[in-house]
Amino acid sequence: TTHPTKVESLHWSPDSKRIYFVAPAERDAQTKHLLEADWVIPAYDDYRHREIWQLDVGSGATRQLVAGDFSVRRLSLSRDGTQLVYARAPDHALNRGHEADVWTTSVTTGEHVRWTRNDYAEYDLALAPDNRTLAFVATVNASGAPYYEDKVFVQRAAGGAVERLLPDSTMEIIRFAWDQTGAGLYLLGNTGLRTHLYHYELTSGQLREITRGDLTLKDWQFDAVANRHVAIRVDATTPGDVVLIDPDSGTFEPLTDVYAPLLADIALPQQQAVRWRSRGGATIEGLLVYPIDYDAGKRYPLAVVTHGGPRSSSQFGSWNRTRYVAVLAGQGYAVLLPNHRGGTGYGDAFMRDMIKGYFNNAHHDVMAGVDAMIKRGIADPDQLIAMGWSAGGHMVNKLITFTDRFAAASSGAGAADWLSMYAESDVRFNRQWVFGGEPWQRRAPVARFRRDSSIQEAWRVTTPTLFFSGENDVRVPPTQSIMMYRGVRAAGAPTALYVADGQPHNYRKPSFQLFKINRELAWYAQHVRQVPYDAVLPAAANPPQTDPATKESP
């Protein structure tokens, strides 16, 4: 394409002759000139509307199909290729997704049909094979009340009643697809430590688990024409190769073997599901990663890694550059990844524990997990580490102000002050349920925002703590880490802050990712184990050699 704006969300027509895509509306020539020449400062939150376009693959010609005083979100295409399915929102601000509603547009007649009128923030939109029934995922209950576990909803006619499927199941629905006949749905479901493929029959309500085991399925896709399921299978022994899934037996047929040659000579740690009792008698689950060459009669330093979200969960096969559990295990650490209350995969009540209080029970769940690992004889109580990113960083900030039991900590992109965080972040909608309102409303629940803000307790911190942030992070702006760092430094605890140039919420530059790993390992070696640590760096990180004769680099 030669489209003048960024092309997004590509969808092939079934005959492969056309591609449908979404693109931001083009600015007029005068406005573009003024902006590029810096004669105009664009308004804050000035999001251009997205439009739907069609590309003819043979000729390269494009034409606009859907545009107006709204922004298109979450485009999909009906199985027969005749209907565009998408959501219309007032603008493209991420925080206003709940104001979008689902529409369909005929690619032949241009007829527009509105399906929903609600505050659901529908996503993963799909029409049944007969185009008469709509299904989508939303985070509301059967009555439309917000802040519930992600479930599939089925609507049997435009403007008709909506049914929330599997309302009593604790499973979080990540994705779904209509089966070949439209009599049921394939579901990708998170049950805490695992993500598996299921089939749900609409008439009988029968749910069948297709895959099993201590593993996580990611990027699952279903091709109804070929009746094939493809996904990335992740477990403790591989970061994930592509597999075909037999929908009857649940067996896997490997399609790629990328990681086996790389991991053939590398020792990998054992991963195990563990459970413990927490405050109020709640059962909490987590993932325990054993150190390499684990000796059952020996205690080890324990790194507690709290997950992001908080609406997510840690799972088997946790291969992640912010967690790097295999590296930690290779360095002699045991690792605990607790799935505390407020996370997903354990049902509505578990996830909604954060309603009207972010730190109602979550931090108690983490500390109960620490105590359980000490009781098991795995963790050394004098060598505890807290680390996490995003919501995991929020948790670290809480833990270091709540207890002095951690010998070292690292907080990545963590919130310090929930009042300013609410106003600064690009995502706010769900937090009003957590705190009971917005900070600028009349009679705002300011006390609740302040109660859960770690900055107010920074004076308590004695734990040596690192802080990391991205300069361009709009989810958890760097001001949050700056505030927490300054508070901890004023308390007299060893600390350092690193704000990565040009980086968003998650570091994308490999050198910065590696820096964070090396810096954390050096910090833990110094403050926890009191041993030296030599940073691992690629050859490219070494300074160029100078030729003594010419004093120039070769």
# chains A, B, ... in the order shown; residues from 1 in each chain; ligands from 1

$ closest_atom_pairs --of "region 352-421 of chain A" --to "region 506-520 of chain A" --cutoff "9 Å" --atoms "only C-alpha atoms" --output "JSON lines"
{"residue": "A:Trp389", "atom": "CA", "partner": "A:Asn506", "partner_atom": "CA", "distance": 8.5}
{"residue": "A:Ser390", "atom": "CA", "partner": "A:Asn506", "partner_atom": "CA", "distance": 8.5}
{"residue": "A:Ala409", "atom": "CA", "partner": "A:Glu520", "partner_atom": "CA", "distance": 8.6}
{"residue": "A:Ser410", "atom": "CA", "partner": "A:Glu520", "partner_atom": "CA", "distance": 7.0}
{"residue": "A:Ala413", "atom": "CA", "partner": "A:Asn506", "partner_atom": "CA", "distance": 8.4}

$ write_last_selection --atoms "N, CA and C atoms" --output "PDB file, in the first residue's frame"
ATOM      1  N   TRP A 389       7.122  -5.571  37.765  1.00  0.00           N
ATOM      2  CA  TRP A 389       6.992  -4.487  36.790  1.00  0.00           C
ATOM      3  C   TRP A 389       5.517  -4.130  36.638  1.00  0.00           C
ATOM      4  N   SER A 390       5.234  -2.848  36.435  1.00  0.00           N
ATOM      5  CA  SER A 390       3.864  -2.346  36.274  1.00  0.00           C
ATOM      6  C   SER A 390       3.087  -2.648  37.554  1.00  0.00           C
ATOM      7  N   ALA A 409      15.153  -5.067  46.754  1.00  0.00           N
ATOM      8  CA  ALA A 409      13.937  -4.978  45.944  1.00  0.00           C
ATOM      9  C   ALA A 409      14.228  -4.235  44.654  1.00  0.00           C
ATOM     10  N   SER A 410      13.361  -4.472  43.665  1.00  0.00           N
ATOM     11  CA  SER A 410      13.422  -3.731  42.406  1.00  0.00           C
ATOM     12  C   SER A 410      12.000  -3.478  41.927  1.00  0.00           C
ATOM     13  N   ALA A 413       8.324   0.552  36.866  1.00  0.00           N
ATOM     14  CA  ALA A 413       7.088   1.223  36.450  1.00  0.00           C
ATOM     15  C   ALA A 413       5.979   1.046  37.483  1.00  0.00           C
TER      16      ALA A 413
END

$ closest_residue --among "A:Asp501, A:Phe429, A:His196, A:Lys17" --to "Glu99 (chain A)" --atoms "only C-alpha atoms"
A:Phe429

$ residues_around --residues "Gly58 (chain A)" --least-positions-apart "4" --cutoff "12 Å" --atoms "only C-alpha atoms" --output "list in words"
Thr1, Ser16, Lys17, Arg18, Ile19 and Thr62 of chain A

$ write_last_selection --atoms "all heavy atoms" --output "mmCIF file, in the first residue's frame"
data_model
loop_
_atom_site.group_PDB
_atom_site.id
_atom_site.type_symbol
_atom_site.label_atom_id
_atom_site.label_comp_id
_atom_site.auth_asym_id
_atom_site.auth_seq_id
_atom_site.Cartn_x
_atom_site.Cartn_y
_atom_site.Cartn_z
ATOM 1 N N THR A 1 0.843 -1.205 0.000
ATOM 2 C CA THR A 1 0.000 0.000 0.000
ATOM 3 C C THR A 1 0.873 1.248 0.000
ATOM 4 O O THR A 1 2.037 1.218 0.361
ATOM 5 C CB THR A 1 -0.901 0.051 1.255
ATOM 6 O OG1 THR A 1 -0.078 0.128 2.412
ATOM 7 C CG2 THR A 1 -1.786 -1.170 1.334
ATOM 8 N N SER A 16 -8.821 -14.169 -0.865
ATOM 9 C CA SER A 16 -7.474 -13.576 -0.897
ATOM 10 C C SER A 16 -7.321 -12.464 -1.930
ATOM 11 O O SER A 16 -6.196 -12.070 -2.246
ATOM 12 C CB SER A 16 -6.410 -14.655 -1.151
ATOM 13 O OG SER A 16 -6.412 -15.612 -0.122
ATOM 14 N N LYS A 17 -8.413 -11.931 -2.434
ATOM 15 C CA LYS A 17 -8.322 -10.862 -3.434
ATOM 16 C C LYS A 17 -8.328 -9.468 -2.821
ATOM 17 O O LYS A 17 -7.966 -8.501 -3.492
ATOM 18 C CB LYS A 17 -9.477 -10.988 -4.433
ATOM 19 C CG LYS A 17 -9.415 -12.248 -5.287
ATOM 20 C CD LYS A 17 -10.566 -12.292 -6.280
ATOM 21 C CE LYS A 17 -10.477 -13.546 -7.152
ATOM 22 N NZ LYS A 17 -11.608 -13.622 -8.136
ATOM 23 N N ARG A 18 -8.753 -9.375 -1.563
ATOM 24 C CA ARG A 18 -8.846 -8.071 -0.907
ATOM 25 C C ARG A 18 -8.271 -8.139 0.500
ATOM 26 O O ARG A 18 -8.294 -9.192 1.142
ATOM 27 C CB ARG A 18 -10.311 -7.601 -0.850
ATOM 28 C CG ARG A 18 -10.906 -7.260 -2.203
ATOM 29 C CD ARG A 18 -12.410 -7.085 -2.120
ATOM 30 N NE ARG A 18 -13.083 -8.299 -1.664
ATOM 31 C CZ ARG A 18 -13.346 -9.342 -2.439
ATOM 32 N NH1 ARG A 18 -12.986 -9.314 -3.715
ATOM 33 N NH2 ARG A 18 -13.953 -10.407 -1.958
ATOM 34 N N ILE A 19 -7.779 -7.003 0.952
ATOM 35 C CA ILE A 19 -7.359 -6.854 2.339
ATOM 36 C C ILE A 19 -8.115 -5.675 2.919
ATOM 37 O O ILE A 19 -8.161 -4.591 2.325
ATOM 38 C CB ILE A 19 -5.843 -6.598 2.454
ATOM 39 C CG1 ILE A 19 -5.052 -7.817 1.956
ATOM 40 C CG2 ILE A 19 -5.464 -6.284 3.892
ATOM 41 C CD1 ILE A 19 -3.557 -7.592 1.927
ATOM 42 N N THR A 62 -7.300 1.302 -3.481
ATOM 43 C CA THR A 62 -7.935 1.301 -2.171
ATOM 44 C C THR A 62 -9.195 2.151 -2.217
ATOM 45 O O THR A 62 -9.301 3.089 -3.009
ATOM 46 C CB THR A 62 -6.995 1.847 -1.079
ATOM 47 O OG1 THR A 62 -6.624 3.188 -1.412
ATOM 48 C CG2 THR A 62 -5.751 0.983 -0.942
#

$ closest_residue --among "A:Gly182, A:Gly369, A:Pro261, A:Pro439" --to "Ala282 (chain A)" --atoms "only C-alpha atoms"
A:Gly369

$ closest_atom_pairs --of "region 220-299 of chain A" --to "region 344-365 of chain A" --cutoff "10 Å" --atoms "only C-alpha atoms" --output "JSON lines"
{"residue": "A:Trp276", "atom": "CA", "partner": "A:Asp365", "partner_atom": "CA", "distance": 8.7}
{"residue": "A:Arg277", "atom": "CA", "partner": "A:Asp365", "partner_atom": "CA", "distance": 8.1}
{"residue": "A:Ser278", "atom": "CA", "partner": "A:Asp365", "partner_atom": "CA", "distance": 5.4}
{"residue": "A:Arg279", "atom": "CA", "partner": "A:His364", "partner_atom": "CA", "distance": 6.5}
{"residue": "A:Gly280", "atom": "CA", "partner": "A:Asn361", "partner_atom": "CA", "distance": 8.9}
{"residue": "A:Ala282", "atom": "CA", "partner": "A:Asp365", "partner_atom": "CA", "distance": 8.5}
{"residue": "A:Thr283", "atom": "CA", "partner": "A:Asp365", "partner_atom": "CA", "distance": 8.9}
{"residue": "A:Ile284", "atom": "CA", "partner": "A:Asp365", "partner_atom": "CA", "distance": 6.9}
{"residue": "A:Glu285", "atom": "CA", "partner": "A:Asp365", "partner_atom": "CA", "distance": 9.4}

$ closest_residue --among "A:Thr82, A:Ser76, A:Thr195, A:Gln315" --to "Leu337 (chain A)" --atoms "only C-alpha atoms"
A:Gln315

$ atom_distance --atom1 "CA of Leu197 (chain A)" --atom2 "CA of Arg275 (chain A)"
23.7 Å

$ closest_residue --among "A:Leu77, A:Trp418, A:Ala444, A:Ser314" --to "Thr191 (chain A)" --atoms "only C-alpha atoms"
A:Ser314

$ select_by_dssp --residues "region 192-384 of chain A" --states "strand (DSSP E)" --output "ChimeraX atom specification"
/A:195-201,207-209,216-223,228-235,238-245,252-254,271-277,283-289,300-306,334-339,379-384

$ write_last_selection --atoms "C-alpha atoms" --output "compact mmCIF listing (two decimals), in the first residue's frame"
# COMPACT_ATOMS: atom_id res chain seq x y z
CA THR A 195 -4.02 -21.51 29.68
CA HIS A 196 -5.78 -24.25 27.71
CA LEU A 197 -8.13 -24.76 24.77
CA TYR A 198 -11.77 -25.67 25.43
CA HIS A 199 -14.96 -26.24 23.46
CA TYR A 200 -18.35 -24.95 24.63
CA GLU A 201 -21.61 -26.26 23.16
CA LEU A 207 -17.70 -27.39 28.40
CA ARG A 208 -14.99 -29.79 27.18
CA GLU A 209 -11.32 -29.30 27.99
CA THR A 216 0.35 -22.11 28.54
CA LEU A 217 -1.08 -21.64 25.04
CA LYS A 218 -0.51 -18.27 23.39
CA ASP A 219 -1.43 -16.63 20.08
CA TRP A 220 -3.99 -19.35 19.34
CA GLN A 221 -5.75 -19.18 15.97
CA PHE A 222 -8.51 -21.33 14.45
CA ASP A 223 -8.92 -21.85 10.70
CA ARG A 228 -7.00 -26.47 12.22
CA HIS A 229 -5.90 -24.97 15.49
CA VAL A 230 -2.45 -23.41 15.71
CA ALA A 231 -0.83 -21.89 18.78
CA ILE A 232 2.42 -21.28 20.59
CA ARG A 233 2.93 -23.87 23.33
CA VAL A 234 4.94 -22.61 26.31
CA ASP A 235 6.10 -24.61 29.30
CA THR A 238 10.70 -24.01 26.09
CA PRO A 239 9.80 -20.35 25.52
CA GLY A 240 7.34 -21.53 22.89
CA ASP A 241 7.30 -23.22 19.50
CA VAL A 242 4.36 -23.30 17.11
CA VAL A 243 2.12 -26.37 17.28
CA LEU A 244 -0.98 -27.77 15.63
CA ILE A 245 -3.65 -28.91 18.11
CA PHE A 252 0.18 -31.35 19.80
CA GLU A 253 2.03 -31.63 16.49
CA PRO A 254 5.16 -29.43 16.50
CA GLN A 271 8.65 -25.31 37.85
CA GLN A 272 5.95 -26.44 40.28
CA ALA A 273 2.47 -25.29 41.26
CA VAL A 274 2.27 -24.43 44.97
CA ARG A 275 -0.60 -23.37 47.21
CA TRP A 276 -0.90 -21.75 50.62
CA ARG A 277 -3.45 -20.28 52.99
CA THR A 283 -6.28 -20.44 49.15
CA ILE A 284 -3.65 -18.76 47.00
CA GLU A 285 -1.75 -20.39 44.17
CA GLY A 286 1.64 -19.60 42.73
CA LEU A 287 4.49 -20.87 40.60
CA LEU A 288 7.66 -22.02 42.34
CA VAL A 289 10.85 -22.13 40.29
CA TYR A 300 18.09 -20.48 49.12
CA PRO A 301 17.62 -16.76 48.59
CA LEU A 302 14.06 -16.26 47.34
CA ALA A 303 13.09 -13.78 44.63
CA VAL A 304 9.36 -12.97 44.81
CA VAL A 305 8.19 -11.76 41.40
CA THR A 306 4.73 -10.17 41.37
CA ALA A 334 14.55 -19.80 44.16
CA VAL A 335 11.73 -17.83 42.54
CA LEU A 336 8.11 -17.50 43.67
CA LEU A 337 5.49 -16.00 41.35
CA PRO A 338 2.34 -15.57 43.49
CA ASN A 339 -1.12 -15.24 41.95
CA ALA A 379 13.57 -19.96 51.31
CA ASP A 380 16.14 -18.33 53.55
CA PRO A 381 14.16 -15.78 55.63
CA ASP A 382 17.19 -13.47 55.70
CA GLN A 383 17.64 -13.48 51.90
CA LEU A 384 14.32 -12.30 50.46
